[in-house]
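For reference, the structure is listed below as structure tokens.
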Amino acid sequence: MTQRTFFQTADELKQLLCHLVSIPSVTGTKAEQEMGRTIYEDLGQLPYFQTHKEQLRLHPTGDGRYVVAALAKRSNKKKTVVLISHYDVVDVQDYGIWKDRAFSPDKLTDYFYNSKEVLPEHVKRDVETGNWLFGRGTMDMKCGLTLHMSMIEQAVNGEFDGNVLLLSVPDEEVNSAGMRSAVMLLLQWQKTYDLEFELMLNGEPMFARYPGDETNYVYTGSIGKIMPAFYCYGKETHVGEPFAGLNANLLVAKLTSELELNVDFCEVVEGQVSPAPTSLMQRDLKEEYSVQIPHRSVGLYNLTIFNRSIVTLNQMLLETAERVASSVEEHYHKKAWKYGALSNSAPRDVKVRVMTYEQLYEYAILHHGQEHVESLHAHLLQSLETIDERERSIKLVDELAILCKELAPMIVLFYTPPYYPAICSADHPLIQSLVKNVVTIAKETYGTILEEQLYFGGISDLSYAGLQDALQEVDPLISNLPLWQKGYAIPFSEMAELRAPVLNVGPIGRDAHQWTERLELDYAFGPLKELIEQVIHDTFSFSSHKAVSNE
């Protein structure tokens with residue numbers, strides 16, 4: 001008698017995907033909390049987990065959300081492949097009048113196929129030549145989750161010569177609280193079930209490197225991301241006497257001009273170029289209108305990392321701030337002298353100080369006492385616990401700067417969450433073997449050309465699946481991140497214990513985080529499913545061959 005399957009045929013997989021997409025699991029919403037339970041219940045249908053209940057778990061992240069973990073354990077087997085996915089999605093405001101259909105992929109797809117005139121030209125071309133499914137989360141990344149659930153079903157039915165551990169997490173789209181929490185769970189289960197992690201396999205979709213890029217990729221790592229910020233404190237004055245002060249908006253504007261798309265911060269590794277830095281926030285900190293100039297402002301920036309150390313990056317940012325400080329001083333000097341000549345007045349020069357948050361904090365403790373500073377921050381954190389981590393970070397710096405306003409004018413470098421370490425396993429023998437096999441099979445069996453990329457460019461939770469930098473390399477980040485251990489932390493030491501290489505094999509998709517987000521179904525539930533199966537088989541056979549060779 002043929003055993004019933006749940007997540008194996010193309011129809012079953014599409015049905016599962018549409019079911020998962022129908023839950024509007026936008027990061028930070030109640031639906032995101034419900035999503036974890038839904039995945040747990042779906043996996044709980046499998047007979048294996050009805051008799052091995054302890055191997056299917058909802059692991060709380062501490063904020064009402066859950067990591068879903070499911071282990072298919074074979075007797076006397078230690079070798080384990082970890083499947084990593086996230087189940088949260090970004091919001092759907094970009095869908096406009098179609099937002100009510102964003103989580104109904106069949107309805108949305110039918111509408112777009114029957115109303116092609118509303119689609120951009122490049123999307124029309126896809127619709128005319130491929131089998132696409134539209135909807136929020138179809139490609140990013142509930143397809144990857146769907147396929148991982150298919151793999152875990154095969155694993156519990158004994159299809160693989162080793163263990164498979166599924167891990168699906170919330171919050172990847174914002175702070176990765178799920179994956180940061182899951183690191184401890186991985187280490188616990190590694191010890192409890194005597195596991196040896198051989199591979200961390202993610203299923204993020206292929207991301208275009210540039211507009212119009214239709215190359216199909218397999219990724220041997222994931223790009224890093226860091227969020228530097230500059231707090232600027234000028235000198236307050238009435239708008240009628242602008243030369244008696246220094247407008248903080250001038251400081252932050254010069255910083256953004258210096259950093260925006262500055263290719264000196266880009267890295268080139270084997271032909272892959274990291275994205276240029278860009279501004280994520282720039283504003284003054286006045287809370288209401290007045291004729292006082294804005295004398296406090298902030299700029300927040302997105303920087304990506306391949307190999308560059310935080311130590312080096314920190315120094316580059318400080319040097320940028322020093323150049324900006326000199327530029328502002330020169331700008332002010334020239335304008336003040338011109339105004340002085342017009343008004344027959346004596347101009348004044350300004351001197352802008354550049355410092356780190358760590359230096360500001362140490363100064364505050366020296367002059368106001370550690371108890372006062374810690375009490376100030378504790379009170380602030382208690383009153384701000386429901387607001388965004390970026391805003392909390394800014395407020396902590398702002399309060400310290402106001403306390404130490406005699407240091408102004410000043411530019412203070414600090415960092416905000418999230419931080420994603422870069423990770424790459426391209427040189428690992430297992431990854432080299434897997435990529436070679438995947439590329440060959442994809443081409444010879446399915447006629448699909450896959451190209452290896454060192455770094456997945458869309459940011460992913462693979463960043464927390466190991467640690468490739470020395471622990472001391474992250475010191476400048478920890479010392480200058482106001483929220484460190486005050487609502488935000490990264491388990492660096494624990495990550496260093498996860499020594500398995502990483503790989504990302506995912507679906508063909510287009511337009512992530514856009515209203516035209518779509519998934520190519522034929523590849524996803526045909527060739528890709530079989531390629532992922534092959535990767536798991538090859539991982540266990542490679543490990544067995546290595547063990548025999550060592551003996």
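Starting from 1 in every chain, residues are counted up; chains themselves are A, B, ... following the order of the structure tokens, and ligands are numbered from 1 as listed.
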
Item to check | Test item, strand (DSSP E or B) assignment across range 114-196 of chain A, answer as a VMD selection string | outcome: chain A and resid 132 to 134 163 to 169 196

Next on the checklist: So that I can see what lies close to Met200 in chain A, please list as a ChimeraX atom specification the residues with an atom at most 10 Å from it, counting only C-alpha atoms and leaving out residues fewer than 4 positions away in the same chain.
Outcome noted: /A:80-84,165,462,465-466,498-504

Next on the checklist: For Glu12 in chain A, find every residue with an atom within 12 Å (counting only C-alpha atoms), except residues of its own chain fewer than 6 positions away, and show them as a list in words.
Outcome noted: Arg4, Thr5, Phe6, Cys18, His19, Thr146, Leu147, Met149, Ser150 and Phe525 of chain A

Checklist entry - Taking only C-alpha atoms into account, which of A:Ser168, A:Thr539, A:Ser75, A:Thr192 comes nearest Arg37 in chain A? => result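 For Arg37 in chain A, the nearest of the candidates is A:Ser168.
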
Checklist entry - Any idea what's packed within 8 Å of Ile508 in chain A, counting only C-alpha atoms, ignoring anything in its chain fewer than 2 positions away? Could you give it as a ChimeraX atom specification? => result /A:139,205-206,216,506,510,519-520,523-524

Preceding selection exported with N, CA and C atoms as a PDB file, in the first residue's frame:
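Output (result.pdb):
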```
ATOM      1  N   MET A 139       8.058  34.175  -3.111  1.00  0.00           N
ATOM      2  CA  MET A 139       9.487  33.900  -3.335  1.00  0.00           C
ATOM      3  C   MET A 139      10.308  34.128  -2.069  1.00  0.00           C
ATOM      4  N   PRO A 205      15.479  32.934  -2.085  1.00  0.00           N
ATOM      5  CA  PRO A 205      15.372  32.973  -3.548  1.00  0.00           C
ATOM      6  C   PRO A 205      16.567  33.664  -4.183  1.00  0.00           C
ATOM      7  N   MET A 206      16.701  33.459  -5.480  1.00  0.00           N
ATOM      8  CA  MET A 206      17.751  34.148  -6.222  1.00  0.00           C
ATOM      9  C   MET A 206      17.423  35.641  -6.303  1.00  0.00           C
ATOM     10  N   ASN A 216      20.673  32.883 -12.930  1.00  0.00           N
ATOM     11  CA  ASN A 216      20.265  31.992 -11.841  1.00  0.00           C
ATOM     12  C   ASN A 216      21.483  31.653 -10.987  1.00  0.00           C
ATOM     13  N   GLY A 506      18.067  28.106  -3.745  1.00  0.00           N
ATOM     14  CA  GLY A 506      16.690  28.560  -3.641  1.00  0.00           C
ATOM     15  C   GLY A 506      16.017  28.740  -4.984  1.00  0.00           C
ATOM     16  N   ARG A 510      11.334  36.904  -8.704  1.00  0.00           N
ATOM     17  CA  ARG A 510      11.589  38.257  -9.190  1.00  0.00           C
ATOM     18  C   ARG A 510      10.933  39.259  -8.235  1.00  0.00           C
ATOM     19  N   LEU A 519       7.023  34.038  -8.090  1.00  0.00           N
ATOM     20  CA  LEU A 519       7.808  32.801  -8.034  1.00  0.00           C
ATOM     21  C   LEU A 519       7.575  32.006  -9.299  1.00  0.00           C
ATOM     22  N   GLU A 520       8.655  31.461  -9.870  1.00  0.00           N
ATOM     23  CA  GLU A 520       8.527  30.586 -11.038  1.00  0.00           C
ATOM     24  C   GLU A 520       8.248  29.170 -10.518  1.00  0.00           C
ATOM     25  N   TYR A 523      10.088  25.539 -12.036  1.00  0.00           N
ATOM     26  CA  TYR A 523      11.429  25.257 -11.527  1.00  0.00           C
ATOM     27  C   TYR A 523      11.374  24.915 -10.038  1.00  0.00           C
ATOM     28  N   ALA A 524      10.561  25.663  -9.284  1.00  0.00           N
ATOM     29  CA  ALA A 524      10.534  25.502  -7.826  1.00  0.00           C
ATOM     30  C   ALA A 524      10.140  24.095  -7.405  1.00  0.00           C
TER      31      ALA A 524
END
```

Spatial neighbours of range 430-436 of chain A, max dist 7 Å, only C-alpha atoms, sep filter under 6 positions, as a short mmCIF file (atom, residue, chain, number, x, y, z; two decimals) with N, CA and C atoms, in the first residue's frame:
```
data_model
loop_
_atom_site.label_atom_id
_atom_site.label_comp_id
_atom_site.auth_asym_id
_atom_site.auth_seq_id
_atom_site.Cartn_x
_atom_site.Cartn_y
_atom_site.Cartn_z
N VAL A 535 21.53 17.67 -2.97
CA VAL A 535 22.48 18.32 -2.06
C VAL A 535 22.53 17.58 -0.73
N ASP A 538 24.21 14.19 -1.28
CA ASP A 538 25.65 14.37 -1.53
C ASP A 538 26.40 14.76 -0.26
N PHE A 542 29.40 12.55 0.95
CA PHE A 542 30.71 13.21 1.07
C PHE A 542 31.28 12.97 2.46
#
```

Next on the checklist: Taking 4 positions as the minimum chain separation for residues in the same chain, which residues sit within 10 Å of Pro24 in chain A when counting only C-alpha atoms? Answer as a ChimeraX atom specification.
Outcome noted: /A:20,29-32,34-35,88-92,102-104,136-137

Checklist entry - Smallest atom-to-atom distance to Gln453 in chain A: which of A:Thr304, A:Ser479, A:Ser257, A:Thr220, using only C-alpha atoms? => result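 Comparing A:Thr304, A:Ser479, A:Ser257, A:Thr220 against Gln453 in chain A, the winner is A:Thr220.
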
Range 472-517 of chain A: which residues are alpha helix (DSSP H) by DSSP, as a JSON list (two decimals) with N, CA and C atoms, in the first residue's frame?
```json
[["chain", "number", "residue", "atom", "x", "y", "z"],
["A", 475, "ASP", "N", 34.78, 43.97, 18.64],
["A", 475, "ASP", "CA", 34.83, 44.89, 19.78],
["A", 475, "ASP", "C", 34.37, 46.31, 19.44],
["A", 476, "PRO", "N", 34.81, 46.90, 18.32],
["A", 476, "PRO", "CA", 34.36, 48.27, 18.01],
["A", 476, "PRO", "C", 32.84, 48.37, 17.83],
["A", 477, "LEU", "N", 32.22, 47.29, 17.37],
["A", 477, "LEU", "CA", 30.76, 47.28, 17.25],
["A", 477, "LEU", "C", 30.12, 47.24, 18.63],
["A", 478, "ILE", "N", 30.54, 46.30, 19.47],
["A", 478, "ILE", "CA", 29.95, 46.12, 20.79],
["A", 478, "ILE", "C", 30.11, 47.39, 21.63],
["A", 479, "SER", "N", 31.28, 48.00, 21.57],
["A", 479, "SER", "CA", 31.57, 49.17, 22.40],
["A", 479, "SER", "C", 30.78, 50.40, 21.98],
["A", 492, "PHE", "N", 27.77, 35.76, 19.75],
["A", 492, "PHE", "CA", 28.99, 35.54, 18.97],
["A", 492, "PHE", "C", 29.73, 34.28, 19.41],
["A", 493, "SER", "N", 29.90, 34.10, 20.71],
["A", 493, "SER", "CA", 30.66, 32.93, 21.20],
["A", 493, "SER", "C", 29.98, 31.63, 20.80],
["A", 494, "GLU", "N", 28.66, 31.60, 20.91],
["A", 494, "GLU", "CA", 27.91, 30.39, 20.53],
["A", 494, "GLU", "C", 27.96, 30.16, 19.03],
["A", 495, "MET", "N", 27.88, 31.25, 18.25],
["A", 495, "MET", "CA", 27.98, 31.12, 16.79],
["A", 495, "MET", "C", 29.32, 30.50, 16.39]]
```

Checklist entry - How many Å lie between CA of Asn76 in chain A and CA of Lys529 in chain A, rounded to one decimal? => result 27.0 Å

Checklist outcome for this item: Computed gap from CA of Tyr420 in chain A to CA of Glu533 in chain A is 28.3 Å

Next on the checklist: So that I can check the surroundings of Pro277 in chain A, please list as number ranges by chain every protein, DNA and RNA residue that reaches within 12 Å of it, counting only C-alpha atoms and ignoring chain neighbours fewer than 2 positions away.
Outcome noted: A: 225-228, 255-267, 274-275, 279-280, 300-305, 317

Next on the checklist: Calculated over only C-alpha atoms, which of the candidates A:Val352, A:Leu285, A:Leu145, A:Leu313 has the smallest distance to Glu473 in chain A?
Outcome noted: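 Closest residue, counting only C-alpha atoms: A:Leu313.
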